[in-house]
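Coordinates from final22.txt are shown below (compact mmCIF, C-alpha atoms).
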```txt
# COMPACT_ATOMS: atom_id res chain seq x y z
CA MET A 1 0.00 0.00 0.00
CA SER A 2 1.23 3.48 -0.83
CA ALA A 3 2.49 5.40 2.22
CA LEU A 4 1.03 8.62 0.82
CA ASN A 5 -2.20 9.38 2.73
CA ALA A 6 -1.93 6.14 4.74
CA ASN A 7 -1.57 8.21 7.92
CA LEU A 8 -5.14 9.46 7.37
CA ILE A 9 -6.83 6.05 7.50
CA GLY A 10 -9.47 6.10 10.22
CA VAL A 11 -8.92 9.77 11.03
CA PRO A 12 -12.15 11.83 11.30
CA GLY A 13 -12.16 14.34 8.45
CA GLY A 14 -9.35 12.49 6.72
CA ARG A 15 -11.10 12.65 3.35
CA ALA A 16 -10.62 16.41 3.25
CA LYS A 17 -6.92 16.09 4.08
CA LEU A 18 -5.92 13.79 1.21
CA GLN A 19 -2.90 14.84 -0.76
CA THR A 20 -4.15 15.32 -4.30
CA PRO A 21 -4.89 14.52 -7.05
CA ALA A 22 -6.47 11.44 -5.47
CA LEU A 23 -8.80 8.82 -6.90
CA VAL A 24 -11.63 8.41 -4.41
CA VAL A 25 -14.49 5.92 -4.17
CA ASP A 26 -17.48 6.51 -1.91
CA LEU A 27 -17.95 3.13 -0.24
CA ASP A 28 -21.58 3.64 0.73
CA VAL A 29 -22.49 4.42 -2.87
CA MET A 30 -20.37 1.68 -4.43
CA GLU A 31 -21.84 -0.90 -2.05
CA ARG A 32 -25.36 0.20 -3.00
CA ASN A 33 -24.49 -0.18 -6.67
CA ILE A 34 -23.05 -3.67 -6.14
CA ALA A 35 -26.10 -4.71 -4.12
CA ALA A 36 -28.53 -3.25 -6.67
CA MET A 37 -26.94 -5.11 -9.58
CA SER A 38 -26.82 -8.33 -7.58
CA ALA A 39 -30.50 -8.02 -6.68
CA HIS A 40 -31.38 -7.28 -10.32
CA ALA A 41 -29.52 -10.35 -11.54
CA LYS A 42 -31.16 -12.60 -8.98
CA ALA A 43 -34.60 -11.27 -9.86
CA GLN A 44 -33.93 -11.89 -13.57
CA GLY A 45 -32.44 -15.33 -13.00
CA ILE A 46 -29.17 -14.37 -14.68
CA SER A 47 -25.60 -14.68 -13.38
CA LEU A 48 -23.03 -11.91 -13.04
CA ARG A 49 -19.44 -12.07 -14.21
CA PRO A 50 -18.47 -8.40 -13.78
CA HIS A 51 -15.73 -6.91 -15.92
CA ALA A 52 -12.64 -6.06 -13.90
CA LYS A 53 -11.28 -3.82 -16.67
CA THR A 54 -13.33 -1.13 -14.90
CA HIS A 55 -11.62 -1.27 -11.52
CA LYS A 56 -8.53 -3.53 -11.98
CA CYS A 57 -8.64 -4.00 -8.20
CA ALA A 58 -8.67 -7.33 -6.34
CA GLU A 59 -10.49 -5.91 -3.32
CA ILE A 60 -13.39 -4.74 -5.45
CA ALA A 61 -13.46 -8.08 -7.28
CA ARG A 62 -13.65 -9.86 -3.93
CA ARG A 63 -16.59 -7.69 -2.91
CA GLN A 64 -18.44 -8.46 -6.15
CA ILE A 65 -17.84 -12.20 -5.73
CA ALA A 66 -18.91 -12.06 -2.09
CA VAL A 67 -22.43 -11.03 -3.15
CA GLY A 68 -22.78 -13.72 -5.78
CA ALA A 69 -20.67 -12.96 -8.85
CA LEU A 70 -19.30 -16.10 -10.54
CA GLY A 71 -15.89 -14.51 -10.95
CA VAL A 72 -14.65 -11.61 -13.05
CA CYS A 73 -13.83 -10.82 -16.67
CA CYS A 74 -10.49 -9.38 -17.70
CA ALA A 75 -9.76 -7.53 -20.92
CA LYS A 76 -6.04 -8.30 -21.03
CA LEU A 77 -3.88 -11.24 -20.02
CA GLY A 78 -1.87 -8.98 -17.71
CA GLU A 79 -5.03 -8.05 -15.80
CA ALA A 80 -5.88 -11.73 -15.33
CA GLU A 81 -2.34 -12.51 -14.14
CA ALA A 82 -2.38 -9.65 -11.62
CA LEU A 83 -5.80 -10.54 -10.20
CA ALA A 84 -4.95 -14.24 -10.04
CA GLU A 85 -1.81 -13.37 -8.11
CA ALA A 86 -4.02 -11.40 -5.69
CA GLY A 87 -6.24 -14.43 -5.09
CA ILE A 88 -9.11 -14.08 -7.59
CA GLU A 89 -9.85 -17.67 -8.60
CA SER A 90 -12.27 -17.51 -11.55
CA LEU A 91 -11.28 -15.44 -14.57
CA LEU A 92 -12.75 -15.00 -18.06
CA LEU A 93 -10.33 -13.43 -20.52
CA THR A 94 -12.54 -11.60 -23.02
CA SER A 95 -9.88 -10.63 -25.60
CA PRO A 96 -7.96 -13.03 -27.86
CA VAL A 97 -4.44 -14.14 -26.95
CA VAL A 98 -2.50 -14.82 -30.16
CA THR A 99 1.26 -14.35 -29.79
CA GLU A 100 3.69 -17.12 -28.91
CA ALA A 101 4.75 -15.33 -25.73
CA GLY A 102 1.15 -14.58 -24.79
CA ILE A 103 0.08 -18.18 -25.25
CA ALA A 104 2.98 -19.33 -23.06
CA ARG A 105 1.85 -16.93 -20.34
CA LEU A 106 -1.73 -18.11 -20.78
CA MET A 107 -0.70 -21.73 -20.19
CA ALA A 108 1.26 -20.72 -17.08
CA LEU A 109 -1.82 -18.93 -15.74
CA ASN A 110 -4.05 -21.88 -16.64
CA ALA A 111 -1.79 -24.13 -14.59
CA LYS A 112 -2.33 -21.97 -11.49
CA ALA A 113 -5.88 -20.61 -11.73
CA ARG A 114 -8.82 -22.59 -10.36
CA GLU A 115 -10.84 -21.55 -13.40
CA LEU A 116 -9.58 -19.74 -16.48
CA ILE A 117 -11.77 -19.30 -19.57
CA VAL A 118 -10.51 -17.71 -22.78
CA ALA A 119 -12.43 -16.15 -25.68
CA VAL A 120 -11.35 -17.35 -29.14
CA ASP A 121 -12.42 -15.97 -32.52
CA ASN A 122 -10.04 -17.65 -34.98
CA PRO A 123 -9.68 -21.34 -35.93
CA ASP A 124 -5.90 -21.11 -36.42
CA ILE A 125 -5.51 -19.63 -32.94
CA ALA A 126 -7.74 -22.41 -31.61
CA THR A 127 -5.31 -24.93 -33.11
CA ARG A 128 -2.34 -23.23 -31.46
CA LEU A 129 -4.12 -23.01 -28.11
CA ALA A 130 -5.01 -26.70 -28.30
CA ALA A 131 -1.39 -27.66 -29.01
CA ALA A 132 -0.13 -25.49 -26.15
CA ALA A 133 -2.71 -26.88 -23.74
CA GLU A 134 -1.80 -30.44 -24.72
CA ALA A 135 1.89 -29.72 -24.14
CA SER A 136 1.12 -28.12 -20.77
CA GLY A 137 -0.80 -31.13 -19.53
CA ARG A 138 -3.91 -29.16 -18.55
CA LYS A 139 -7.01 -28.59 -20.67
CA LEU A 140 -8.02 -25.01 -21.45
CA ASN A 141 -11.59 -23.68 -21.14
CA VAL A 142 -12.66 -21.72 -24.22
CA LEU A 143 -15.61 -19.67 -25.48
CA ALA A 144 -16.30 -18.75 -29.09
CA ASP A 145 -16.32 -14.97 -29.33
CA LEU A 146 -19.03 -13.70 -31.71
CA ASP A 147 -18.78 -10.38 -33.57
CA PRO A 148 -21.80 -8.22 -32.63
CA GLY A 149 -21.30 -6.06 -35.70
CA MET A 150 -18.51 -3.86 -34.33
CA SER A 151 -15.80 -5.71 -36.29
CA ARG A 152 -13.46 -5.28 -33.32
CA THR A 153 -13.10 -8.88 -32.20
CA GLY A 154 -15.27 -11.92 -32.69
CA ILE A 155 -16.09 -14.28 -35.52
CA ALA A 156 -19.16 -13.71 -37.69
CA PRO A 157 -22.27 -15.29 -36.09
CA ASP A 158 -22.90 -17.65 -38.99
CA ASP A 159 -21.47 -20.91 -40.35
CA ARG A 160 -17.97 -19.67 -39.50
CA ALA A 161 -18.86 -19.55 -35.81
CA ILE A 162 -20.41 -23.02 -36.03
CA ALA A 163 -17.22 -24.40 -37.62
CA LEU A 164 -15.05 -22.77 -34.93
CA VAL A 165 -17.12 -24.29 -32.15
CA GLU A 166 -17.08 -27.71 -33.78
CA LYS A 167 -13.30 -27.52 -34.07
CA MET A 168 -12.84 -26.54 -30.41
CA ALA A 169 -15.41 -29.04 -29.14
CA LYS A 170 -13.58 -31.89 -30.88
CA SER A 171 -10.20 -30.98 -29.44
CA PRO A 172 -9.08 -33.31 -26.62
CA SER A 173 -7.12 -30.48 -24.97
CA LEU A 174 -9.80 -27.75 -25.13
CA ILE A 175 -13.05 -27.61 -23.16
CA TRP A 176 -15.63 -25.67 -25.14
CA ARG A 177 -17.88 -23.91 -22.61
CA GLY A 178 -20.06 -21.67 -24.74
CA LEU A 179 -20.34 -18.29 -26.44
CA GLN A 180 -19.40 -14.68 -25.77
CA CYS A 181 -20.84 -11.62 -27.50
CA TYR A 182 -20.41 -8.05 -26.23
CA ALA A 183 -22.49 -5.44 -28.07
CA GLY A 184 -20.33 -2.48 -27.12
CA GLN A 185 -21.93 -0.30 -29.76
CA ALA A 186 -25.23 -0.39 -27.86
CA GLN A 187 -23.95 0.46 -24.39
CA HIS A 188 -23.85 4.25 -24.79
CA THR A 189 -26.81 4.74 -27.10
CA GLU A 190 -28.74 7.47 -25.32
CA ASN A 191 -32.26 6.67 -26.51
CA ARG A 192 -33.57 3.64 -24.65
CA LYS A 193 -35.68 2.41 -27.56
CA ASP A 194 -32.71 2.56 -29.92
CA ARG A 195 -30.43 0.99 -27.32
CA SER A 196 -32.87 -1.86 -26.81
CA GLU A 197 -33.34 -2.47 -30.53
CA GLN A 198 -29.58 -2.56 -31.12
CA SER A 199 -28.85 -4.96 -28.29
CA LEU A 200 -31.77 -7.29 -28.92
CA ALA A 201 -30.92 -7.51 -32.63
CA VAL A 202 -27.44 -8.70 -31.69
CA LEU A 203 -28.79 -11.21 -29.19
CA LYS A 204 -31.12 -12.61 -31.86
CA LYS A 205 -28.03 -13.53 -33.90
CA VAL A 206 -26.45 -15.10 -30.81
CA ALA A 207 -29.62 -17.12 -30.25
CA ASP A 208 -29.49 -18.33 -33.83
CA VAL A 209 -25.93 -19.60 -33.33
CA ARG A 210 -26.89 -21.16 -30.00
CA ASP A 211 -29.82 -22.99 -31.57
CA ALA A 212 -27.82 -24.18 -34.58
CA LEU A 213 -25.19 -25.58 -32.26
CA ALA A 214 -27.80 -27.27 -30.09
CA ALA A 215 -29.22 -28.96 -33.19
CA LYS A 216 -25.78 -30.52 -33.63
CA GLY A 217 -25.70 -31.68 -30.02
CA LEU A 218 -23.43 -28.83 -28.91
CA ASN A 219 -25.13 -27.10 -25.98
CA ALA A 220 -23.59 -23.89 -24.69
CA GLU A 221 -23.16 -23.92 -20.92
CA ILE A 222 -22.15 -20.24 -20.91
CA ILE A 223 -23.53 -17.40 -23.02
CA SER A 224 -21.82 -14.30 -21.72
CA GLY A 225 -22.06 -10.64 -22.70
CA GLY A 226 -23.98 -7.45 -22.10
CA GLY A 227 -22.87 -4.40 -20.16
CA THR A 228 -23.96 -1.59 -17.89
CA GLY A 229 -25.86 0.23 -20.62
CA THR A 230 -28.04 -2.79 -21.44
CA PHE A 231 -28.13 -4.52 -18.05
CA ASP A 232 -31.92 -4.13 -17.81
CA ILE A 233 -32.57 -4.90 -21.49
CA ASP A 234 -30.56 -8.04 -22.24
CA PRO A 235 -32.24 -10.41 -19.76
CA ASP A 236 -35.56 -9.94 -21.63
CA ALA A 237 -34.11 -11.73 -24.65
CA HIS A 238 -33.50 -14.91 -22.62
CA VAL A 239 -30.24 -15.52 -24.49
CA LEU A 240 -27.42 -14.50 -22.14
CA ASN A 241 -26.99 -16.38 -18.88
CA GLU A 242 -24.14 -14.13 -17.71
CA LEU A 243 -23.83 -10.34 -17.68
CA GLN A 244 -20.38 -8.79 -18.12
CA VAL A 245 -21.35 -5.49 -16.47
CA GLY A 246 -18.47 -3.27 -15.39
CA SER A 247 -18.99 0.48 -14.99
CA TYR A 248 -22.09 0.18 -12.79
CA ILE A 249 -19.96 0.12 -9.65
CA PHE A 250 -18.47 3.57 -10.35
CA MET A 251 -20.43 5.28 -13.15
CA ASP A 252 -19.01 8.28 -14.99
CA LYS A 253 -20.14 11.29 -16.97
CA GLN A 254 -20.34 9.26 -20.18
CA TYR A 255 -22.59 6.57 -18.69
CA ASN A 256 -24.71 9.03 -16.71
CA GLU A 257 -25.54 10.78 -19.97
CA VAL A 258 -26.95 7.54 -21.41
CA TRP A 259 -29.89 8.02 -19.07
CA GLU A 260 -29.84 11.78 -18.42
CA LYS A 261 -30.01 12.78 -22.11
CA ASP A 262 -33.08 10.57 -22.43
CA GLY A 263 -34.71 12.35 -19.47
CA GLU A 264 -34.18 9.46 -17.08
CA ARG A 265 -32.39 9.13 -13.79
CA PRO A 266 -29.16 7.08 -14.09
CA ALA A 267 -29.68 3.48 -13.05
CA PHE A 268 -26.74 3.62 -10.64
CA GLU A 269 -25.15 6.31 -8.50
CA THR A 270 -21.76 7.90 -9.10
CA SER A 271 -19.24 6.57 -6.59
CA LEU A 272 -15.92 7.45 -8.24
CA PHE A 273 -14.35 10.89 -8.06
CA VAL A 274 -11.04 12.62 -8.55
CA GLN A 275 -10.31 14.90 -5.61
CA MET A 276 -8.19 17.94 -6.41
CA THR A 277 -6.87 21.11 -4.77
CA VAL A 278 -6.86 24.72 -5.93
CA ILE A 279 -3.21 25.72 -6.28
CA SER A 280 -3.57 29.21 -7.80
CA ALA A 281 -6.36 31.79 -8.02
CA ASN A 282 -5.02 35.18 -9.02
CA ARG A 283 -7.65 36.19 -11.58
CA GLU A 284 -11.32 36.94 -11.12
CA GLY A 285 -13.50 33.96 -11.98
CA LEU A 286 -10.56 31.64 -12.64
CA ALA A 287 -8.73 29.12 -10.50
CA THR A 288 -6.15 26.43 -11.21
CA THR A 289 -6.22 22.95 -9.67
CA ASP A 290 -3.58 20.25 -9.45
CA ALA A 291 -5.47 17.78 -11.68
CA GLY A 292 -4.96 18.09 -15.44
CA PHE A 293 -4.63 15.79 -18.43
CA LYS A 294 -2.67 13.25 -16.41
CA SER A 295 -5.48 12.87 -13.86
CA PHE A 296 -8.39 12.04 -16.18
CA ALA A 297 -8.95 9.93 -19.26
CA THR A 298 -9.82 12.53 -21.86
CA ASP A 299 -11.55 10.44 -24.54
CA ALA A 300 -15.00 11.41 -23.22
CA GLY A 301 -14.46 15.13 -22.73
CA THR A 302 -14.05 17.02 -19.50
CA PRO A 303 -14.98 15.96 -15.96
CA ALA A 304 -18.11 17.25 -14.27
CA LEU A 305 -17.57 19.16 -11.04
CA ALA A 306 -19.28 17.43 -8.11
CA SER A 307 -18.39 19.43 -5.01
CA GLY A 308 -16.40 22.37 -3.72
CA ALA A 309 -16.86 24.74 -6.68
CA PRO A 310 -19.05 27.85 -6.84
CA GLU A 311 -22.42 27.55 -8.56
CA GLY A 312 -22.08 27.80 -12.33
CA ALA A 313 -18.45 26.66 -12.33
CA SER A 314 -16.98 24.35 -14.95
CA TYR A 315 -13.70 22.53 -15.43
CA PHE A 316 -11.33 22.71 -18.40
CA TYR A 317 -7.98 21.06 -19.05
CA PHE A 318 -5.30 23.64 -18.32
CA GLY A 319 -2.22 21.50 -18.97
CA ASP A 320 -0.63 18.15 -18.17
CA GLU A 321 -0.64 18.80 -14.44
CA GLN A 322 -3.29 21.50 -14.06
CA GLY A 323 -7.01 21.91 -14.48
CA GLY A 324 -8.82 25.19 -14.80
CA ILE A 325 -12.03 26.22 -13.04
CA VAL A 326 -14.05 29.07 -14.52
CA TYR A 327 -16.98 30.53 -12.62
CA PRO A 328 -19.05 33.70 -12.38
CA SER A 329 -16.87 36.33 -10.71
CA THR A 330 -19.86 37.49 -8.67
CA ASN A 331 -19.85 34.18 -6.79
CA ALA A 332 -17.70 33.17 -3.83
CA LYS A 333 -14.02 33.25 -4.78
CA LEU A 334 -11.91 30.09 -4.85
CA VAL A 335 -8.60 30.39 -3.01
CA PRO A 336 -5.48 28.20 -2.85
CA GLY A 337 -6.09 25.16 -0.69
CA ASP A 338 -9.78 24.81 -1.56
CA LEU A 339 -10.80 21.21 -2.19
CA LEU A 340 -12.91 20.13 -5.17
CA SER A 341 -14.08 16.81 -6.53
CA ALA A 342 -15.15 15.81 -10.02
CA ARG A 343 -17.03 12.98 -11.68
CA VAL A 344 -14.70 11.42 -14.21
CA PRO A 345 -15.52 11.44 -17.95
CA HIS A 346 -14.72 7.72 -18.46
CA CYS A 347 -14.06 5.55 -15.43
CA ASP A 348 -12.10 2.58 -16.85
CA PRO A 349 -9.13 4.44 -18.37
CA THR A 350 -9.14 7.01 -15.56
CA VAL A 351 -8.64 4.27 -12.97
CA ASN A 352 -5.71 3.03 -15.06
CA LEU A 353 -3.91 6.34 -14.37
CA TYR A 354 -3.68 5.71 -10.62
CA ASP A 355 -1.82 3.28 -8.37
CA VAL A 356 -4.41 3.25 -5.59
CA ILE A 357 -8.05 3.91 -4.80
CA HIS A 358 -8.90 5.86 -1.65
CA ALA A 359 -11.99 4.19 -0.17
CA VAL A 360 -13.96 6.68 1.92
CA ARG A 361 -17.07 6.43 4.04
CA GLY A 362 -18.51 9.82 4.86
CA ASP A 363 -15.59 12.05 5.74
CA VAL A 364 -13.35 9.16 6.84
CA LEU A 365 -10.70 7.45 4.74
CA GLU A 366 -11.44 3.79 5.48
CA ALA A 367 -8.80 2.10 3.33
CA ILE A 368 -6.36 2.52 0.47
CA TRP A 369 -6.63 -0.26 -2.10
CA PRO A 370 -3.92 -1.07 -4.63
CA ILE A 371 -5.01 -1.18 -8.27
CA GLU A 372 -3.09 -4.37 -8.95
CA ALA A 373 -3.91 -4.61 -12.65
CA ARG A 374 -3.28 -0.97 -13.64
CA GLY A 375 -1.01 -0.54 -16.62
CA LYS A 376 -1.36 -4.21 -17.61
CA SER A 377 -1.83 -3.49 -21.29
CA ALA A 378 -0.36 -6.78 -22.50
```
This entry written out as structure tokens:
Amino acid sequence: MSALNANLIGVPGGRAKLQTPALVVDLDVMERNIAAMSAHAKAQGISLRPHAKTHKCAEIARRQIAVGALGVCCAKLGEAEALAEAGIESLLLTSPVVTEAGIARLMALNAKARELIVAVDNPDIATRLAAAAEASGRKLNVLADLDPGMSRTGIAPDDRAIALVEKMAKSPSLIWRGLQCYAGQAQHTENRKDRSEQSLAVLKKVADVRDALAAKGLNAEIISGGGTGTFDIDPDAHVLNELQVGSYIFMDKQYNEVWEKDGERPAFETSLFVQMTVISANREGLATTDAGFKSFATDAGTPALASGAPEGASYFYFGDEQGGIVYPSTNAKLVPGDLLSARVPHCDPTVNLYDVIHAVRGDVLEAIWPIEARGKSA
């Protein structure tokens, strides 16, 4: 655990004394989000395998599993290795592993993990994985990854997918477990009707593949996919039996807008914030904070101010290390040392910028959690 801010753990008012910029999670809110998603899944009769690419943190994964999650998904092999090392026992790797070095690492992880499942979208890679698993002496669990129409990863949900599954199911060193399909293009569609139509159209194609396989005696044990944006849509199709939801635990400006721009209240509360400090304020209506480009993922615009700023204030990127706050000069003036917090534009890549998460309850810093899988891009 980082020594920075560790002296504040358990100290009343410690949240306001954090050295900044600091990544902060409100425990009360995050716990409500985890409980709400768990209750939803149970009511719908669907399992949860949350995506750890959102938090990259073993402690959060443990909390999700403790309330019923089957395990977690990982986007990269390095994430799976880091979380396995931290004691997470069931891992689904949702991106293909194709290089010689990567496959060697995958076999090493498979030898140690209680359960490792890997998504595959190419028959030649399936052949190489089968050979590596045979040489390792331990069978490898695999899913066929179906392309939802994004053309990012996944094999076309037609005869090519059927052939891939048949190939993997026949292999003595692979255990074919089922199908994966993540309709990422639907997750941030702001109109609910459009979002529903997009996601359900994809799931219809998945169902067609499922049924064609079943007709050949190949019954999928796992059909995994979905996300935070379609968590309450996908179960209605009765196709998926696992949801790969991720951002629901934190939320961010980008996901909040999925509901807000359609006139709805976001389905989950915002629990993740970047806490920052005013370091300069020498001009009317303008202040500079210590959180700039390096403190936020910038692919989804600017953060939304959550607390500490005058009414009508907004944030802009002022440099690598600095953020600017503009506000009506008639309002209360910000001064050096003032504390502000902001909702992040995009939670997953923002988390990846930090080594630790400061877990707070009320005004108390309850714990500092390492982000074990941060920076694991390979």
Option closest in space to A:Val335, from A:Pro370, A:Thr350, A:Ala287, A:Asp355 [counting only C-alpha atoms]: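 Distance minimum relative to A:Val335 lands on A:Ala287.
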Of the candidates A:Ala332, A:Val274, A:Ile371, A:Ile222, which one gets nearest to A:Val142 if we count only C-alpha atoms?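 Using only C-alpha atoms, A:Val142 sits closest to A:Ile222.
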Neighbour list for stretch 183-200 of chain A as a PyMOL selection string, cut-off 10 Å, all atoms listed in the file, skip fewer than 4 positions in-chain: chain A and resi 146-150+152+204-206+225-237+239+254-264
So how many Å separate atom CA of A:Arg210 and atom CA of A:Ala133, to one decimal?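 Between atom CA of A:Arg210 and atom CA of A:Ala133 the gap works out to 25.6 Å.
We find atom CA of A:Ala267 and atom CA of A:Tyr354 to be spaced 26.2 Å apart.
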For A:Asp28, the nearest of the candidates A:Glu269, A:Glu284, A:Asp290, A:Asp211, counting all atoms listed in the file: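 Closest to A:Asp28 of all the choices is A:Glu269.
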Between A:Asn110, A:Gly324, A:Gly301, A:Gln64, which has the minimum distance to A:Leu77 (counting all atoms listed in the file)? A:Asn110
Contacts of stretch 213-221 of chain A at 10 Å or less, counting only C-alpha atoms, minus same-chain residues fewer than 2 places along, as a VMD selection string? chain A and resid 143 to 144 161 to 163 165 to 166 169 176 to 179 207 to 211 223 to 224 241
Can I get stretch 49-69 of chain A with N, CA and C atoms filled in, as a PDB file, keeping the file's coordinate frame?
```pdb
ATOM      1  N   ARG A  49     -20.886 -11.911 -14.133  1.00  0.00           N
ATOM      2  CA  ARG A  49     -19.440 -12.070 -14.210  1.00  0.00           C
ATOM      3  C   ARG A  49     -18.896 -10.679 -14.528  1.00  0.00           C
ATOM      4  N   PRO A  50     -18.804  -9.796 -13.534  1.00  0.00           N
ATOM      5  CA  PRO A  50     -18.470  -8.400 -13.780  1.00  0.00           C
ATOM      6  C   PRO A  50     -17.101  -8.240 -14.461  1.00  0.00           C
ATOM      7  N   HIS A  51     -16.976  -7.160 -15.203  1.00  0.00           N
ATOM      8  CA  HIS A  51     -15.730  -6.910 -15.920  1.00  0.00           C
ATOM      9  C   HIS A  51     -14.768  -6.107 -15.058  1.00  0.00           C
ATOM     10  N   ALA A  52     -13.627  -6.714 -14.760  1.00  0.00           N
ATOM     11  CA  ALA A  52     -12.640  -6.060 -13.900  1.00  0.00           C
ATOM     12  C   ALA A  52     -11.810  -5.027 -14.645  1.00  0.00           C
ATOM     13  N   LYS A  53     -11.998  -4.890 -15.966  1.00  0.00           N
ATOM     14  CA  LYS A  53     -11.280  -3.820 -16.670  1.00  0.00           C
ATOM     15  C   LYS A  53     -11.694  -2.456 -16.116  1.00  0.00           C
ATOM     16  N   THR A  54     -12.861  -2.387 -15.477  1.00  0.00           N
ATOM     17  CA  THR A  54     -13.330  -1.130 -14.900  1.00  0.00           C
ATOM     18  C   THR A  54     -12.490  -0.719 -13.710  1.00  0.00           C
ATOM     19  N   HIS A  55     -12.276  -1.642 -12.780  1.00  0.00           N
ATOM     20  CA  HIS A  55     -11.620  -1.270 -11.520  1.00  0.00           C
ATOM     21  C   HIS A  55     -10.208  -1.809 -11.370  1.00  0.00           C
ATOM     22  N   LYS A  56      -9.872  -2.936 -12.002  1.00  0.00           N
ATOM     23  CA  LYS A  56      -8.530  -3.530 -11.980  1.00  0.00           C
ATOM     24  C   LYS A  56      -8.035  -3.785 -10.556  1.00  0.00           C
ATOM     25  N   CYS A  57      -8.954  -3.989  -9.643  1.00  0.00           N
ATOM     26  CA  CYS A  57      -8.640  -4.000  -8.200  1.00  0.00           C
ATOM     27  C   CYS A  57      -9.168  -5.271  -7.563  1.00  0.00           C
ATOM     28  N   ALA A  58      -8.277  -6.043  -6.931  1.00  0.00           N
ATOM     29  CA  ALA A  58      -8.670  -7.330  -6.340  1.00  0.00           C
ATOM     30  C   ALA A  58      -9.679  -7.155  -5.214  1.00  0.00           C
ATOM     31  N   GLU A  59      -9.557  -6.099  -4.430  1.00  0.00           N
ATOM     32  CA  GLU A  59     -10.490  -5.910  -3.320  1.00  0.00           C
ATOM     33  C   GLU A  59     -11.905  -5.699  -3.828  1.00  0.00           C
ATOM     34  N   ILE A  60     -12.051  -4.939  -4.891  1.00  0.00           N
ATOM     35  CA  ILE A  60     -13.390  -4.740  -5.450  1.00  0.00           C
ATOM     36  C   ILE A  60     -13.904  -6.036  -6.057  1.00  0.00           C
ATOM     37  N   ALA A  61     -13.047  -6.779  -6.736  1.00  0.00           N
ATOM     38  CA  ALA A  61     -13.460  -8.080  -7.280  1.00  0.00           C
ATOM     39  C   ALA A  61     -13.948  -8.996  -6.175  1.00  0.00           C
ATOM     40  N   ARG A  62     -13.238  -9.018  -5.064  1.00  0.00           N
ATOM     41  CA  ARG A  62     -13.650  -9.860  -3.930  1.00  0.00           C
ATOM     42  C   ARG A  62     -15.030  -9.454  -3.425  1.00  0.00           C
ATOM     43  N   ARG A  63     -15.287  -8.167  -3.384  1.00  0.00           N
ATOM     44  CA  ARG A  63     -16.590  -7.690  -2.910  1.00  0.00           C
ATOM     45  C   ARG A  63     -17.710  -8.080  -3.881  1.00  0.00           C
ATOM     46  N   GLN A  64     -17.434  -8.043  -5.167  1.00  0.00           N
ATOM     47  CA  GLN A  64     -18.440  -8.460  -6.150  1.00  0.00           C
ATOM     48  C   GLN A  64     -18.723  -9.958  -6.024  1.00  0.00           C
ATOM     49  N   ILE A  65     -17.676 -10.749  -5.863  1.00  0.00           N
ATOM     50  CA  ILE A  65     -17.840 -12.200  -5.730  1.00  0.00           C
ATOM     51  C   ILE A  65     -18.548 -12.550  -4.433  1.00  0.00           C
ATOM     52  N   ALA A  66     -18.293 -11.781  -3.394  1.00  0.00           N
ATOM     53  CA  ALA A  66     -18.910 -12.060  -2.090  1.00  0.00           C
ATOM     54  C   ALA A  66     -20.424 -11.949  -2.123  1.00  0.00           C
ATOM     55  N   VAL A  67     -20.970 -11.161  -3.057  1.00  0.00           N
ATOM     56  CA  VAL A  67     -22.430 -11.030  -3.150  1.00  0.00           C
ATOM     57  C   VAL A  67     -22.983 -11.802  -4.338  1.00  0.00           C
ATOM     58  N   GLY A  68     -22.214 -12.776  -4.829  1.00  0.00           N
ATOM     59  CA  GLY A  68     -22.780 -13.720  -5.780  1.00  0.00           C
ATOM     60  C   GLY A  68     -22.192 -13.775  -7.163  1.00  0.00           C
ATOM     61  N   ALA A  69     -21.261 -12.889  -7.517  1.00  0.00           N
ATOM     62  CA  ALA A  69     -20.670 -12.960  -8.850  1.00  0.00           C
ATOM     63  C   ALA A  69     -19.912 -14.267  -9.027  1.00  0.00           C
TER      64      ALA A  69
END
```
